[in-house]
$ cat target29.txt   # compact mmCIF, C-alpha atoms
# COMPACT_ATOMS: atom_id res chain seq x y z
CA MET A 1 0.00 0.00 0.00
CA LYS A 2 1.40 3.38 -1.00
CA PRO A 3 1.18 6.65 0.91
CA LEU A 4 -1.37 9.10 -0.50
CA GLY A 5 1.27 11.52 -1.78
CA THR A 6 3.15 8.82 -3.68
CA PHE A 7 -0.07 7.45 -5.14
CA LEU A 8 -1.24 10.87 -6.37
CA LYS A 9 2.14 11.83 -7.80
CA GLU A 10 2.42 8.56 -9.73
CA LYS A 11 -1.13 8.83 -11.09
CA ARG A 12 -0.64 12.46 -12.06
CA LYS A 13 2.59 11.67 -13.90
CA LEU A 14 1.00 8.68 -15.67
CA ALA A 15 -1.70 11.08 -16.85
CA GLY A 16 1.05 13.36 -18.19
CA LEU A 17 0.04 16.31 -16.02
CA THR A 18 2.11 18.88 -14.19
CA GLN A 19 1.00 19.83 -10.69
CA LEU A 20 -0.46 23.05 -12.10
CA GLU A 21 -2.41 21.25 -14.83
CA PHE A 22 -3.67 18.71 -12.31
CA ALA A 23 -4.76 21.48 -9.95
CA GLU A 24 -6.63 23.28 -12.72
CA ARG A 25 -8.39 20.13 -13.93
CA SER A 26 -9.33 18.99 -10.45
CA GLY A 27 -10.50 22.41 -9.32
CA VAL A 28 -8.21 22.28 -6.28
CA ALA A 29 -5.58 24.90 -5.49
CA LEU A 30 -2.00 24.18 -6.55
CA THR A 31 -0.88 24.57 -2.93
CA VAL A 32 -3.28 21.78 -1.92
CA ILE A 33 -1.93 19.45 -4.62
CA ARG A 34 1.61 20.18 -3.43
CA LYS A 35 0.69 19.49 0.20
CA MET A 36 -0.95 16.20 -0.76
CA GLU A 37 2.03 15.04 -2.79
CA GLN A 38 4.45 16.06 -0.02
CA GLY A 39 2.56 13.90 2.46
CA LYS A 40 1.35 16.72 4.69
CA GLU A 41 -0.95 15.44 7.40
CA ASN A 42 -3.34 18.35 7.87
CA LEU A 43 -5.50 18.01 4.73
CA ASN A 44 -9.12 18.75 3.97
CA LEU A 45 -10.72 15.33 3.46
CA GLU A 46 -13.29 16.69 1.04
CA LYS A 47 -10.51 18.00 -1.20
CA VAL A 48 -8.59 14.74 -0.90
CA ASN A 49 -11.64 12.81 -2.07
CA HIS A 50 -12.24 15.30 -4.86
CA VAL A 51 -8.71 14.75 -6.16
CA LEU A 52 -8.86 10.97 -5.70
CA SER A 53 -12.13 10.81 -7.63
CA MET A 54 -10.25 11.94 -10.75
CA PHE A 55 -8.55 8.53 -10.67
CA GLY A 56 -11.62 6.53 -9.70
CA HIS A 57 -10.73 6.28 -6.00
CA CYS A 58 -12.03 7.61 -2.70
CA LEU A 59 -10.80 7.86 0.84
CA ALA A 60 -12.42 5.29 3.11
CA PRO A 61 -11.72 3.78 6.52
CA VAL A 62 -9.72 0.56 6.45
CA SER A 63 -8.83 -1.44 9.53
CA ILE A 64 -5.17 -1.69 10.44
CA LYS A 65 -5.66 -5.44 10.69
CA ASP A 66 -6.73 -5.59 7.03
CA ILE A 67 -3.76 -3.51 5.95
CA LYS A 68 -1.34 -5.76 7.84
CA ASN A 69 -2.97 -8.92 6.45
CA ASN A 70 -2.75 -7.54 2.90
CA HIS A 71 0.88 -6.57 3.44
CA ASN A 72 1.73 -10.04 4.75
CA LYS A 73 0.07 -11.66 1.73
CA ASP A 74 2.12 -9.44 -0.61
CA ASP A 75 5.32 -10.47 1.20
CA GLU A 76 4.45 -14.15 0.76
CA LYS A 77 4.08 -13.68 -3.02
CA SER A 78 7.60 -12.19 -3.32

$ encode --input "target29.txt" --output "structure tokens"
Amino acid sequence: MKPLGTFLKEKRKLAGLTQLEFAERSGVALTVIRKMEQGKENLNLEKVNHVLSMFGHCLAPVSIKDIKNNHNKDDEKS
């Protein structure tokens, strides 16, 4: 599982967008995009979901147990 900032940066680059272009298309301020990609912790969840929706994703609660189980399964495949 990737951190939010890494995920967004990779998706944005795959889409061939600069941070400015991504901000303009998503309707979110450039400073917000930068904060998200830098992994800042104090983010507006509504804006995070707005940005994630551009890639067909949304922010949702996931149990730590599920994350650890998923991570362990990935390790076993390697």

$ atom_distance --input "target29.txt" --atom1 "CA of Gly39 (chain A)" --atom2 "CA of Leu4 (chain A)"
6.9 Å

$ atom_distance --input "target29.txt" --atom1 "CA of Lys47 (chain A)" --atom2 "CA of His71 (chain A)"
27.5 Å

$ closest_residue --input "target29.txt" --among "A:Leu45, A:Gln38, A:Asn72, A:Arg12" --to "Leu59 (chain A)" --atoms "only C-alpha atoms"
A:Leu45

$ residues_around --input "target29.txt" --residues "Leu43 (chain A)" --least-positions-apart "4" --cutoff "12 Å" --atoms "all atoms listed in the file" --output "list in words"
Leu4, Gly5, Thr31, Val32, Ile33, Arg34, Lys35, Met36, Glu37, Gln38, Gly39, Lys47, Val48, Asn49 and Val51 of chain A

$ closest_residue --input "target29.txt" --among "A:Lys11, A:Ile64, A:Gln19, A:Glu24" --to "Leu52 (chain A)" --atoms "all atoms listed in the file"
A:Lys11

$ atom_distance --input "target29.txt" --atom1 "CA of Ile67 (chain A)" --atom2 "CA of Thr6 (chain A)"
17.1 Å

$ closest_residue --input "target29.txt" --among "A:Leu8, A:Met54, A:Leu14, A:Ala60" --to "Gly27 (chain A)" --atoms "all atoms listed in the file"
A:Met54

$ axis_aligned_box --input "target29.txt" --around "region 30-46 of chain A" --padding-each-side "6 Å" --output "lines of an AutoDock Vina configuration file"
center_x = -4.4
center_y = 19.2
center_z = 0.7
size_x = 29.7
size_y = 22.7
size_z = 26.4

$ closest_residue --input "target29.txt" --among "A:Glu21, A:Asp66, A:Glu41, A:Glu46" --to "Pro3 (chain A)" --atoms "all atoms listed in the file"
A:Glu41

$ closest_residue --input "target29.txt" --among "A:His57, A:Lys9, A:His50, A:Lys68" --to "Val28 (chain A)" --atoms "all atoms listed in the file"
A:His50

$ build_atoms --input "target29.txt" --residues "region 29-42 of chain A" --atoms "N, CA and C atoms" --output "compact mmCIF listing (two decimals), in the coordinates of the input"
# COMPACT_ATOMS: atom_id res chain seq x y z
N ALA A 29 -6.72 23.99 -5.43
CA ALA A 29 -5.58 24.90 -5.49
C ALA A 29 -4.26 24.16 -5.63
N LEU A 30 -3.32 24.76 -6.35
CA LEU A 30 -2.00 24.18 -6.55
C LEU A 30 -1.33 23.89 -5.21
N THR A 31 -1.49 24.78 -4.24
CA THR A 31 -0.88 24.57 -2.93
C THR A 31 -1.42 23.31 -2.26
N VAL A 32 -2.68 22.99 -2.50
CA VAL A 32 -3.28 21.78 -1.92
C VAL A 32 -2.68 20.54 -2.58
N ILE A 33 -2.54 20.58 -3.90
CA ILE A 33 -1.93 19.45 -4.62
C ILE A 33 -0.51 19.22 -4.10
N ARG A 34 0.24 20.29 -3.93
CA ARG A 34 1.61 20.18 -3.43
C ARG A 34 1.64 19.57 -2.04
N LYS A 35 0.75 20.03 -1.16
CA LYS A 35 0.69 19.49 0.20
C LYS A 35 0.35 18.00 0.18
N MET A 36 -0.57 17.61 -0.67
CA MET A 36 -0.95 16.20 -0.76
C MET A 36 0.23 15.36 -1.21
N GLU A 37 0.91 15.80 -2.25
CA GLU A 37 2.03 15.04 -2.79
C GLU A 37 3.23 15.01 -1.84
N GLN A 38 3.36 16.02 -0.99
CA GLN A 38 4.45 16.06 -0.02
C GLN A 38 4.14 15.24 1.24
N GLY A 39 2.92 14.73 1.31
CA GLY A 39 2.56 13.90 2.46
C GLY A 39 2.18 14.68 3.70
N LYS A 40 1.78 15.92 3.53
CA LYS A 40 1.35 16.72 4.69
C LYS A 40 0.17 16.03 5.35
N GLU A 41 0.08 16.15 6.65
CA GLU A 41 -0.95 15.44 7.40
C GLU A 41 -2.23 16.23 7.61
N ASN A 42 -2.18 17.53 7.58
CA ASN A 42 -3.34 18.35 7.87
C ASN A 42 -4.05 18.73 6.56
